[in-house]
Amino acid sequence: MTVGGAPEAAPAPVTVGSQTVGQVLRDRRFLSLWLAQVASQVGGNMVLYGLTVLVAQRTASVSAVSLLLLTFLVPAVVFSAIAGVFVDRLDRRLILIVANGLRGVLFVAMVVLDTNLVLIYLLNIAVSTITTLFAPAEASMIPVLVRREQLLAANSLFTFTLQGSFALGFALLGPFVVILADVNGLIVLVAALYFVAAGLCVVLPSSAPAGRPGSLASGQALGEAEAALAGTLRQLQEGLRYIRANPGIFWSLSYLAITASLVGVLGALGPNYAQQSLGLKPQDFFIVVLPLGGGLVLGILLLNAYGRLVPRRRLIEGGLLVLGIALALLSVAAPLSSFLRSRVDSNGAVALEPFVSLLGIIVAIALTAGVAYAFVAVPAQTQLQEELPHDVRGRVFGVLNMLVSVASFVPIIIAGPLADTLGTSLVLFLMAALVVGTGVRAVFLRLPGTTLPATAARLEPIDPVTVTAMVLGHVAEVPPDAGGAGAGADGP
């Protein structure tokens with residue numbers, strides 16, 4: 001049997017180190033697929049930032065920004081099962097080329113029609129729908145290009161890229177390009193990145209499903225799509241039953257849903273928060289996003305180094321409480337800065353002024369919130385990975401990730417109108433109270449199944465197909481080396 005044109009090697013431990021990653025990257029075809037992923041993922045996160053700024057500037061409405069985020073999120077849930085049917089029946093190379101090319105064309109159209117927000121929403125829905133084809137086709141192409149013993153390194157690289165692209169695209173390059181070339185310039189650049197990604201996919205080998213025609217018979221395709229949708233609904237029911245029967249799974253899922261919702265709501269509130277609470281422009285909300293992303297990375301590093309020394313349950317409890325307190329402090333950052341500056345001025349402590357400035361306080365709070373976010377999301381993800389049976393883990397994770405995505409819609413829908421009515425700071429404070437309440441409940445709640453002993457084994461990398469790409473964050477799907485960081489032994 002051959003995989004990717006090479007004899008299949010016997011299963012063997014694979015070290016995800018620079019040498020193994022370097023070996024897979026030396027394959028020109030795999031390198032092209034990975035570079036296509038970099039271009040499309042970074043471009044997608046850049047355009048998320050750009051469109052968020054565009055809608056905030058045009059409408060000054062948090063509800064309008066929330067609606068934009070939903071155009072990114074809803075198609076991923078609605079069309080993922082149906083998209084899998086087409087990926088299984090068409091040449092994946094062709095899907096990758098056409099999907100990237102079409103997304104580039106749609107972003108060019110977005111620049112032409114930038115005065116009409118309704119058309120921008122519709123075009124973005126089209127882009128997000130096409131992306132549901134691209135993601136499984138991309139992941140399905142990896143085993144075609146690399147040998148079995150290289151799959152771990154290849155998937156790890158793709159998962160790491162998925163993580164890094166958010167920080168690079170949304171928090172760094174997106175704001176930088178908007179400052180230099182405005183939002184339309186950013187969208188044109190993103191369109192160019194998608195065209196480059198399409199060109200990179202041209203060198204990939206054909207990957208038509210064996211024994212299937214290269215074209216779809218409409219009736220048969222419709223039947224398979226209906227069967228896929230029905231199968232997804234059955235799996236959803238099975239997942240719900242499994243969750244009800246396992247309280248530990250339910251609460252781990254709840255923690256992931258809360259963190260995912262927070263990222264989405266912060267994305268919706270961000271531009272208005274920068275304008276109302278900080279006195280900045282809508283595009284300056286990267287001042288909060290950038291240290292938040294830095295805190296997430298720092299939290300993962302801390303978990304890698306010390307996570308096994310602390311019970312996983314305590315990490316989640318402490319993370320929830322600190323995250324809630326940090327959000328509460330963000331909601332009162334401006335008056336807090338004024339109060340601290342007055343105290344510093346009255347004491348003549350000039351050296352402390354940079355630390356009590358509004359910018360300094362925002363950076364410190366956002367950095368702390370990012371660390372706390374990691375302390376909740378990573379151990380909760382680890383809990384799910386350990387407790388789910390191996391033979392159904394992938395299938396159930398797909399259902400659970402879909403549930404998390406659906407659960408994140410509701411806060412985003414509610415937060416927009418509430419912020420327009422009550423003000424962004426008050427909504428942020430209410431979110432903080434909810435998170436702190438959840439943390440307090442976690443402290444006093446004793447769940448069966450949450451006292452597993454520590455395990456020395458590192459967790460498997462997360463398959464990119466099952467990663468929930470929460471635009472504005474991820475349901476903290478973490479790089480492979482971070483996944484096991486929170487797997488400490490649980491105390492009583």
# chains A, B, ... in the order shown; residues from 1 in each chain; ligands from 1
$ residues_around --residues "Gly101 (chain A)" --least-positions-apart "4" --cutoff "10 Å" --atoms "only C-alpha atoms" --output "PyMOL selection string"
chain A and resi 95-97+105-106+191-199
$ write_last_selection --atoms "C-alpha atoms" --output "PDB file, in the first residue's frame"
ATOM      1  CA  ILE A  95     -11.564  22.656  -4.859  1.00  0.00           C
ATOM      2  CA  LEU A  96      -8.503  24.360  -3.363  1.00  0.00           C
ATOM      3  CA  ILE A  97      -7.767  26.334  -6.535  1.00  0.00           C
ATOM      4  CA  VAL A 105     -12.850  37.676  -6.716  1.00  0.00           C
ATOM      5  CA  LEU A 106     -15.462  38.242  -4.010  1.00  0.00           C
ATOM      6  CA  ALA A 191      -7.719  39.440  -2.441  1.00  0.00           C
ATOM      7  CA  ALA A 192      -4.168  39.275  -3.806  1.00  0.00           C
ATOM      8  CA  LEU A 193      -3.213  36.800  -1.053  1.00  0.00           C
ATOM      9  CA  TYR A 194      -6.095  34.520  -2.069  1.00  0.00           C
ATOM     10  CA  PHE A 195      -5.024  34.663  -5.723  1.00  0.00           C
ATOM     11  CA  VAL A 196      -1.485  33.747  -4.618  1.00  0.00           C
ATOM     12  CA  ALA A 197      -2.910  30.838  -2.607  1.00  0.00           C
ATOM     13  CA  ALA A 198      -4.825  29.645  -5.676  1.00  0.00           C
ATOM     14  CA  GLY A 199      -1.613  29.760  -7.715  1.00  0.00           C
TER      15      GLY A 199
END
$ residues_around --residues "region 70-77 of chain A" --least-positions-apart "2" --cutoff "6 Å" --atoms "only C-alpha atoms" --output "PyMOL selection string"
chain A and resi 67-68+79-80+125+128-129+132
$ atom_distance --atom1 "CA of Leu330 (chain A)" --atom2 "CA of Pro411 (chain A)"
18.4 Å
$ atom_distance --atom1 "CA of Arg92 (chain A)" --atom2 "CA of Ala208 (chain A)"
6.4 Å
$ atom_distance --atom1 "CA of Val406 (chain A)" --atom2 "CA of Arg314 (chain A)"
27.2 Å
$ closest_atom_pairs --of "region 292-337 of chain A" --to "region 375-381 of chain A" --cutoff "10 Å" --atoms "only C-alpha atoms" --output "JSON lines"
{"residue": "A:Leu296", "atom": "CA", "partner": "A:Phe375", "partner_atom": "CA", "distance": 8.7}
{"residue": "A:Gly299", "atom": "CA", "partner": "A:Phe375", "partner_atom": "CA", "distance": 6.6}
{"residue": "A:Ile300", "atom": "CA", "partner": "A:Phe375", "partner_atom": "CA", "distance": 7.8}
{"residue": "A:Leu302", "atom": "CA", "partner": "A:Phe375", "partner_atom": "CA", "distance": 9.1}
{"residue": "A:Leu303", "atom": "CA", "partner": "A:Phe375", "partner_atom": "CA", "distance": 7.5}
{"residue": "A:Gly307", "atom": "CA", "partner": "A:Pro379", "partner_atom": "CA", "distance": 8.9}
{"residue": "A:Pro311", "atom": "CA", "partner": "A:Pro379", "partner_atom": "CA", "distance": 9.5}
{"residue": "A:Arg312", "atom": "CA", "partner": "A:Pro379", "partner_atom": "CA", "distance": 5.9}
{"residue": "A:Arg313", "atom": "CA", "partner": "A:Pro379", "partner_atom": "CA", "distance": 7.9}
{"residue": "A:Arg314", "atom": "CA", "partner": "A:Phe375", "partner_atom": "CA", "distance": 9.3}
{"residue": "A:Leu315", "atom": "CA", "partner": "A:Phe375", "partner_atom": "CA", "distance": 5.6}
{"residue": "A:Ile316", "atom": "CA", "partner": "A:Val376", "partner_atom": "CA", "distance": 4.5}
{"residue": "A:Glu317", "atom": "CA", "partner": "A:Val376", "partner_atom": "CA", "distance": 7.6}
{"residue": "A:Gly318", "atom": "CA", "partner": "A:Phe375", "partner_atom": "CA", "distance": 7.8}
{"residue": "A:Gly319", "atom": "CA", "partner": "A:Phe375", "partner_atom": "CA", "distance": 5.1}
{"residue": "A:Leu320", "atom": "CA", "partner": "A:Val376", "partner_atom": "CA", "distance": 6.4}
{"residue": "A:Leu321", "atom": "CA", "partner": "A:Val376", "partner_atom": "CA", "distance": 9.8}
{"residue": "A:Val322", "atom": "CA", "partner": "A:Phe375", "partner_atom": "CA", "distance": 9.7}
{"residue": "A:Leu323", "atom": "CA", "partner": "A:Val376", "partner_atom": "CA", "distance": 8.9}
$ residues_around --residues "Pro335 (chain A)" --least-positions-apart "6" --cutoff "12 Å" --atoms "only C-alpha atoms" --output "number ranges by chain"
A: 277-278, 329, 341-342, 356-358, 361-362, 425
